[in-house]
$ cat input_23.txt   # compact mmCIF, C-alpha atoms
# COMPACT_ATOMS: atom_id res chain seq x y z
CA MET A 1 83.32 33.78 111.49
CA ARG A 2 82.10 36.67 113.56
CA LYS A 3 84.56 38.28 115.88
CA ILE A 4 83.81 39.68 119.33
CA GLY A 5 85.49 43.02 119.85
CA PHE A 6 86.80 44.23 123.20
CA VAL A 7 85.75 47.72 124.22
CA PHE A 8 87.11 48.64 127.63
CA ALA A 9 84.93 51.01 129.66
CA SER A 10 83.34 51.31 133.07
CA GLY A 11 80.06 49.49 132.45
CA PHE A 12 79.16 46.13 130.94
CA LEU A 13 76.25 47.30 128.75
CA ALA A 14 75.09 49.68 126.35
CA GLY A 15 73.83 49.44 122.79
CA ALA A 16 70.31 50.49 123.68
CA ALA A 17 71.51 52.22 126.82
CA SER A 18 73.94 54.43 124.83
CA ILE A 19 76.58 54.52 127.55
CA ALA A 20 79.34 56.84 126.41
CA SER A 21 82.66 55.05 126.56
CA GLY A 22 84.71 57.61 124.71
CA GLN A 23 85.95 54.92 122.35
CA THR A 24 84.94 53.73 118.91
CA PRO A 25 83.39 50.24 119.14
CA ARG A 26 84.81 47.36 117.14
CA PRO A 27 82.60 45.77 114.46
CA PRO A 28 79.25 44.72 115.97
CA PHE A 29 78.20 41.17 116.56
CA GLY A 30 74.93 39.49 117.45
CA GLY A 31 73.06 40.63 114.37
CA PRO A 32 72.46 43.81 112.35
CA GLY A 33 72.18 47.00 114.34
CA VAL A 34 73.52 45.52 117.57
CA ARG A 35 76.52 47.15 119.19
CA ILE A 36 77.86 46.40 122.63
CA LEU A 37 79.47 49.53 124.01
CA GLY A 38 81.35 49.14 127.23
CA ALA A 39 81.32 45.35 127.28
CA GLN A 40 84.59 43.94 128.41
CA PRO A 41 85.93 40.64 129.68
CA GLY A 42 85.38 40.82 133.38
CA ARG A 43 86.79 44.26 134.15
CA PRO A 44 90.08 42.75 135.32
CA GLY A 45 91.28 44.13 138.60
CA GLN A 46 92.73 42.88 141.84
CA VAL A 47 93.00 39.10 141.94
CA VAL A 48 91.18 37.67 144.96
CA ARG A 49 92.01 34.07 145.84
CA GLY A 50 90.38 31.77 148.37
CA SER A 51 86.98 33.48 148.28
CA PRO A 52 84.79 31.85 145.61
CA TYR A 53 81.23 32.93 144.86
CA SER A 54 78.31 32.80 142.47
CA ALA A 55 75.74 35.57 142.39
CA GLU A 56 73.28 37.56 140.33
CA VAL A 57 73.80 41.29 139.86
CA THR A 58 70.80 43.43 138.99
CA THR A 59 71.13 47.04 137.90
CA GLU A 60 68.20 49.47 137.65
CA ILE A 61 68.61 52.85 135.98
CA THR A 62 65.90 55.50 136.18
CA GLN A 63 66.07 58.82 134.36
CA VAL A 64 63.41 61.55 134.33
CA LEU A 65 63.45 63.70 131.18
CA PRO A 66 62.66 67.45 131.18
CA ASP A 67 59.21 66.80 129.66
CA GLY A 68 58.30 64.43 132.49
CA ASN A 69 58.94 61.27 130.49
CA ARG A 70 60.76 58.48 132.33
CA ILE A 71 63.32 55.94 131.15
CA HIS A 72 63.60 52.83 133.31
CA GLN A 73 65.99 50.03 132.45
CA VAL A 74 66.72 46.81 134.33
CA THR A 75 69.68 44.62 133.42
CA SER A 76 71.16 41.58 135.08
CA GLU A 77 74.19 39.35 134.89
CA ARG A 78 75.49 36.20 136.54
CA VAL A 79 78.94 36.50 138.11
CA TYR A 80 81.32 33.80 139.32
CA ARG A 81 84.75 33.60 140.93
CA ASP A 82 86.73 30.49 141.82
CA SER A 83 89.31 29.95 144.56
CA GLU A 84 92.17 30.80 142.16
CA GLY A 85 90.74 34.25 141.36
CA ARG A 86 89.30 33.40 137.93
CA THR A 87 86.10 35.28 137.16
CA ARG A 88 83.22 34.81 134.73
CA ARG A 89 80.38 37.20 133.84
CA GLU A 90 77.26 36.39 131.85
CA PRO A 91 75.30 39.58 131.04
CA SER A 92 71.70 39.17 129.99
CA LEU A 93 70.93 40.98 126.74
CA SER A 94 67.16 40.41 126.82
CA GLY A 95 66.68 43.09 129.47
CA VAL A 96 67.56 45.81 126.94
CA GLY A 97 66.15 44.11 123.86
CA LEU A 98 69.51 43.05 122.42
CA ALA A 99 68.89 39.30 122.37
CA ALA A 100 68.01 37.88 118.96
CA PRO A 101 64.35 36.77 118.58
CA GLY A 102 63.88 33.33 120.07
CA ALA A 103 67.33 33.31 121.68
CA SER A 104 68.04 33.02 125.38
CA GLY A 105 68.83 36.17 127.34
CA THR A 106 72.43 35.15 127.96
CA GLN A 107 74.43 34.99 124.74
CA LEU A 108 77.80 36.28 125.91
CA ALA A 109 80.28 35.33 128.58
CA PHE A 110 83.45 37.07 129.72
CA ILE A 111 86.20 35.12 131.47
CA ASP A 112 89.28 36.54 133.17
CA ASP A 113 91.90 33.92 133.97
CA PRO A 114 94.89 35.41 135.83
CA VAL A 115 96.33 31.91 136.23
CA ALA A 116 96.57 31.34 132.47
CA GLY A 117 97.21 35.04 131.86
CA ALA A 118 94.32 35.49 129.42
CA SER A 119 90.88 37.08 129.04
CA TYR A 120 88.15 35.66 126.84
CA ALA A 121 84.96 37.03 125.28
CA LEU A 122 82.68 34.17 124.27
CA ASP A 123 79.78 34.34 121.83
CA LEU A 124 77.67 31.45 123.11
CA GLY A 125 75.42 31.50 120.07
CA THR A 126 78.12 31.06 117.42
CA HIS A 127 80.66 29.13 119.53
CA THR A 128 83.37 31.69 118.84
CA VAL A 129 85.71 33.35 121.29
CA THR A 130 88.15 36.24 121.25
CA LYS A 131 91.26 35.77 123.39
CA MET A 132 93.33 38.61 124.78
CA ALA A 133 96.31 38.76 127.12
CA TRP A 134 95.23 39.49 130.68
CA ARG A 135 97.02 42.34 132.36
CA GLU A 136 96.50 43.37 135.96
CA PRO A 137 96.06 47.14 136.12
CA PRO A 138 98.62 49.27 137.97
CA SER A 139 97.98 50.07 141.60
CA GLY A 140 96.88 53.59 140.69
CA ARG A 141 94.01 52.41 138.47
CA GLY A 142 90.77 54.17 139.09
CA ARG A 143 92.26 57.22 140.82
CA SER A 144 90.86 60.61 139.97
CA ARG A 145 92.77 62.64 137.42
CA GLN A 146 92.15 65.79 139.42
CA THR A 147 95.23 67.60 140.62
CA VAL A 148 93.67 67.93 144.07
CA PRO A 149 93.86 64.67 146.09
CA ARG A 150 90.41 63.33 146.89
CA SER A 151 91.08 63.52 150.60
CA ALA A 152 91.78 67.24 150.24
CA ASP A 153 88.98 68.06 147.79
CA PRO A 154 86.70 70.59 149.55
CA ASN A 155 83.84 69.59 147.23
CA ARG A 156 84.01 65.91 148.22
CA LYS A 157 82.50 64.58 151.42
CA THR A 158 82.87 60.98 152.62
CA GLU A 159 80.96 59.56 155.57
CA SER A 160 80.70 56.10 157.09
CA LEU A 161 77.30 54.41 157.21
CA GLY A 162 78.39 51.67 159.58
CA ARG A 163 77.69 48.00 158.97
CA GLN A 164 74.62 46.03 158.00
CA THR A 165 73.73 42.63 156.60
CA ILE A 166 73.03 42.60 152.85
CA ALA A 167 72.16 39.40 151.00
CA GLY A 168 73.38 37.42 153.99
CA LEU A 169 76.78 39.13 154.17
CA ILE A 170 78.15 41.80 156.50
CA ALA A 171 78.79 44.94 154.48
CA GLU A 172 80.45 48.25 155.32
CA GLY A 173 78.69 51.34 154.01
CA THR A 174 80.15 54.59 152.71
CA ARG A 175 78.37 57.63 151.30
CA ILE A 176 80.31 59.95 149.00
CA THR A 177 78.86 63.34 148.09
CA GLN A 178 80.63 65.13 145.25
CA THR A 179 79.58 68.74 144.62
CA ILE A 180 80.11 70.52 141.32
CA PRO A 181 80.33 74.20 142.27
CA THR A 182 78.25 76.83 140.54
CA GLY A 183 79.67 77.76 137.14
CA GLN A 184 82.18 74.91 136.89
CA ILE A 185 80.40 73.31 133.93
CA GLY A 186 78.09 76.22 133.17
CA ASN A 187 75.64 75.28 135.93
CA THR A 188 73.71 78.10 137.61
CA LEU A 189 73.38 76.14 140.88
CA PRO A 190 75.59 73.58 142.64
CA ILE A 191 75.15 69.97 141.50
CA GLN A 192 75.44 67.12 143.98
CA ILE A 193 76.29 63.55 142.97
CA VAL A 194 75.67 61.10 145.80
CA THR A 195 77.11 57.57 145.73
CA GLU A 196 76.37 55.01 148.43
CA ARG A 197 78.50 51.87 148.46
CA TRP A 198 78.25 48.73 150.59
CA TYR A 199 81.45 46.70 150.57
CA SER A 200 81.71 43.05 151.65
CA PRO A 201 85.06 42.32 153.33
CA ASP A 202 84.45 38.59 152.84
CA LEU A 203 84.03 38.85 149.07
CA GLN A 204 86.28 41.93 148.79
CA THR A 205 83.80 43.61 146.46
CA VAL A 206 80.93 46.09 146.52
CA ILE A 207 77.63 44.18 146.70
CA LEU A 208 75.28 47.19 146.71
CA GLN A 209 75.74 50.58 145.12
CA LYS A 210 73.32 53.46 144.75
CA ARG A 211 74.12 56.55 142.71
CA SER A 212 72.10 59.71 142.24
CA ASP A 213 73.19 62.28 139.66
CA PRO A 214 70.75 65.02 138.54
CA ARG A 215 72.33 64.93 135.08
CA THR A 216 71.88 61.22 134.40
CA GLY A 217 69.32 59.95 136.90
CA GLU A 218 69.48 57.26 139.55
CA SER A 219 71.01 53.80 139.44
CA VAL A 220 70.98 50.88 141.87
CA SER A 221 73.21 47.83 141.45
CA GLN A 222 72.71 44.96 143.88
CA TRP A 223 73.99 41.42 144.35
CA THR A 224 71.48 38.69 145.23
CA ASN A 225 71.38 34.88 145.45
CA ILE A 226 74.98 34.79 146.63
CA SER A 227 76.56 31.37 147.05
CA ARG A 228 79.96 30.88 148.65
CA ALA A 229 80.41 27.39 147.16
CA GLU A 230 83.10 26.71 144.55
CA PRO A 231 81.61 27.23 141.06
CA PRO A 232 81.96 24.42 138.49
CA ALA A 233 85.45 24.43 137.00
CA ASN A 234 84.16 24.27 133.40
CA LEU A 235 82.75 27.80 133.72
CA PHE A 236 86.29 29.19 133.50
CA VAL A 237 87.44 27.11 130.54
CA VAL A 238 86.77 27.79 126.84
CA PRO A 239 84.96 24.77 125.32
CA GLN A 240 87.03 22.81 122.83
CA ASP A 241 84.55 23.30 119.98
CA TYR A 242 84.89 27.10 120.07
CA ALA A 243 86.80 28.83 117.27
CA VAL A 244 89.41 31.07 118.90
CA THR A 245 90.58 34.42 117.54
CA GLN A 246 93.61 36.09 119.10
CA ASP A 247 93.09 39.78 119.73
CA ARG A 248 95.86 42.29 120.30
CA PRO A 249 95.57 45.47 122.38
CA PRO A 250 96.34 48.81 120.71
CA ARG A 251 100.02 49.68 120.59
CA ARG A 252 101.15 52.24 123.08
CA ARG A 253 101.80 55.55 121.43
CA GLY A 254 104.78 57.79 121.92
CA PRO A 255 104.60 61.57 122.25
CA ASN A 256 104.42 62.05 118.46
CA GLN A 257 102.63 58.86 117.49
CA ARG A 258 98.99 58.00 117.00
CA ALA A 259 97.57 54.85 118.53
CA GLU A 260 97.13 51.96 116.12
CA PRO A 261 93.94 49.91 116.46
CA PRO A 262 94.13 46.11 116.78
CA GLN A 263 94.21 44.28 113.46
$ encode --input "input_23.txt" --output "structure tokens"
Amino acid sequence: MRKIGFVFASGFLAGAASIASGQTPRPPFGGPGVRILGAQPGRPGQVVRGSPYSAEVTTEITQVLPDGNRIHQVTSERVYRDSEGRTRREPSLSGVGLAAPGASGTQLAFIDDPVAGASYALDLGTHTVTKMAWREPPSGRGRSRQTVPRSADPNRKTESLGRQTIAGLIAEGTRITQTIPTGQIGNTLPIQIVTERWYSPDLQTVILQKRSDPRTGESVSQWTNISRAEPPANLFVVPQDYAVTQDRPPRRRGPNQRAEPPQ
């Protein structure tokens, strides 16, 4: 039986996209040569109850190489949330050529169930699933590790873009401009990274994000086909015919101990 490994990172893709997660991936699944870097079960975060949805999220990444060559990648995923705060994500692998020949684009699903206290990574092709204890991150998750608070960072500028309707929802816009001063990373000129986010108060999530970074290119992630209806309950339940493997997170290490990988 093949086992789906959990690799926690900031994005849901990589393999072909080569997104650096800073971690060593678990054994690959989905066929020879296929590795999912950065795939994780739903990116567990704040539990939002009473605001169900179904939507499609499309991400476009464009990078211009020094020789003028261009890399353009488009990926998509279906996302769901029920009234109890359970979430499900179904990334499409065909957009980056990771789907097996003749297979459908969606071969994986990630479920976070805060009610049952578990996360699941499902391989839809082999009817196998890896189960892991769900843990809500601490309130400080996602904060910058810089010693200077973001609000006091002279190289960070935040401005409001007001409100507008996106995909049928009112969204509040924010533009963040982060400047890397000359010489900080060996750069001869300042580098500006601009991130534009549009947050839906109704869904309590960002439904449009644009990011421009001269080092990595431009990316646009947008929600479309949003439905506020309650998704089918069976989307958040592991089918009975799936073989379940229990996964364990790495043990926390002390000051003189090395982390032990899951068995």
$ residues_near_point --input "input_23.txt" --point "(90.5, 37.9, 126.7)" --cutoff "8 Å" --atoms "all atoms listed in the file" --output "ChimeraX atom specification"
/A:41,110-112,118-121,130-134,247
$ atom_distance --input "input_23.txt" --atom1 "atom CA of A:Val74" --atom2 "atom CA of A:Pro91"
11.7 Å
$ closest_residue --input "input_23.txt" --among "A:Leu124, A:Ile166, A:Asn155, A:Thr195" --to "A:Thr182" --atoms "only C-alpha atoms"
A:Asn155
$ atom_distance --input "input_23.txt" --atom1 "atom CA of A:Asn187" --atom2 "atom CA of A:Asp67"
19.5 Å
$ residues_around --input "input_23.txt" --residues "A:Arg215" --least-positions-apart "3" --cutoff "9 Å" --atoms "all atoms listed in the file" --output "list of chain:residue names"
A:Gln63, A:Ile191, A:Ile193, A:Ser212
$ write_last_selection --input "input_23.txt" --atoms "C-alpha atoms" --output "tab-separated table (two decimals), in the frame of the given file"
chain	number	residue	atom	x	y	z
A	63	GLN	CA	66.07	58.82	134.36
A	191	ILE	CA	75.15	69.97	141.50
A	193	ILE	CA	76.29	63.55	142.97
A	212	SER	CA	72.10	59.71	142.24
$ atom_distance --input "input_23.txt" --atom1 "atom CA of A:Gly85" --atom2 "atom CA of A:Ser200"
16.3 Å
$ residues_around --input "input_23.txt" --residues "A:Pro114" --least-positions-apart "5" --cutoff "12 Å" --atoms "only C-alpha atoms" --output "MDAnalysis selection string"
chainID A and resid 42 44:49 81:88 119:120 132:137 236
$ write_last_selection --input "input_23.txt" --atoms "C-alpha atoms" --output "compact mmCIF listing (two decimals), keeping the file's coordinate frame"
# COMPACT_ATOMS: atom_id res chain seq x y z
CA GLY A 42 85.38 40.82 133.38
CA PRO A 44 90.08 42.75 135.32
CA GLY A 45 91.28 44.13 138.60
CA GLN A 46 92.73 42.88 141.84
CA VAL A 47 93.00 39.10 141.94
CA VAL A 48 91.18 37.67 144.96
CA ARG A 49 92.01 34.07 145.84
CA ARG A 81 84.75 33.60 140.93
CA ASP A 82 86.73 30.49 141.82
CA SER A 83 89.31 29.95 144.56
CA GLU A 84 92.17 30.80 142.16
CA GLY A 85 90.74 34.25 141.36
CA ARG A 86 89.30 33.40 137.93
CA THR A 87 86.10 35.28 137.16
CA ARG A 88 83.22 34.81 134.73
CA SER A 119 90.88 37.08 129.04
CA TYR A 120 88.15 35.66 126.84
CA MET A 132 93.33 38.61 124.78
CA ALA A 133 96.31 38.76 127.12
CA TRP A 134 95.23 39.49 130.68
CA ARG A 135 97.02 42.34 132.36
CA GLU A 136 96.50 43.37 135.96
CA PRO A 137 96.06 47.14 136.12
CA PHE A 236 86.29 29.19 133.50
$ closest_residue --input "input_23.txt" --among "A:Ser221, A:Asp113, A:Thr62, A:Gly162" --to "A:Glu77" --atoms "all atoms listed in the file"
A:Ser221
$ residues_around --input "input_23.txt" --residues "stretch 222-229 of chain A" --least-positions-apart "4" --cutoff "6 Å" --atoms "only C-alpha atoms" --output "ChimeraX atom specification"
/A:52-58,167,207-208
$ write_last_selection --input "input_23.txt" --atoms "C-alpha atoms" --output "short mmCIF file (atom, residue, chain, number, x, y, z; two decimals), in the frame of the given file"
data_model
loop_
_atom_site.label_atom_id
_atom_site.label_comp_id
_atom_site.auth_asym_id
_atom_site.auth_seq_id
_atom_site.Cartn_x
_atom_site.Cartn_y
_atom_site.Cartn_z
CA PRO A 52 84.79 31.85 145.61
CA TYR A 53 81.23 32.93 144.86
CA SER A 54 78.31 32.80 142.47
CA ALA A 55 75.74 35.57 142.39
CA GLU A 56 73.28 37.56 140.33
CA VAL A 57 73.80 41.29 139.86
CA THR A 58 70.80 43.43 138.99
CA ALA A 167 72.16 39.40 151.00
CA ILE A 207 77.63 44.18 146.70
CA LEU A 208 75.28 47.19 146.71
#
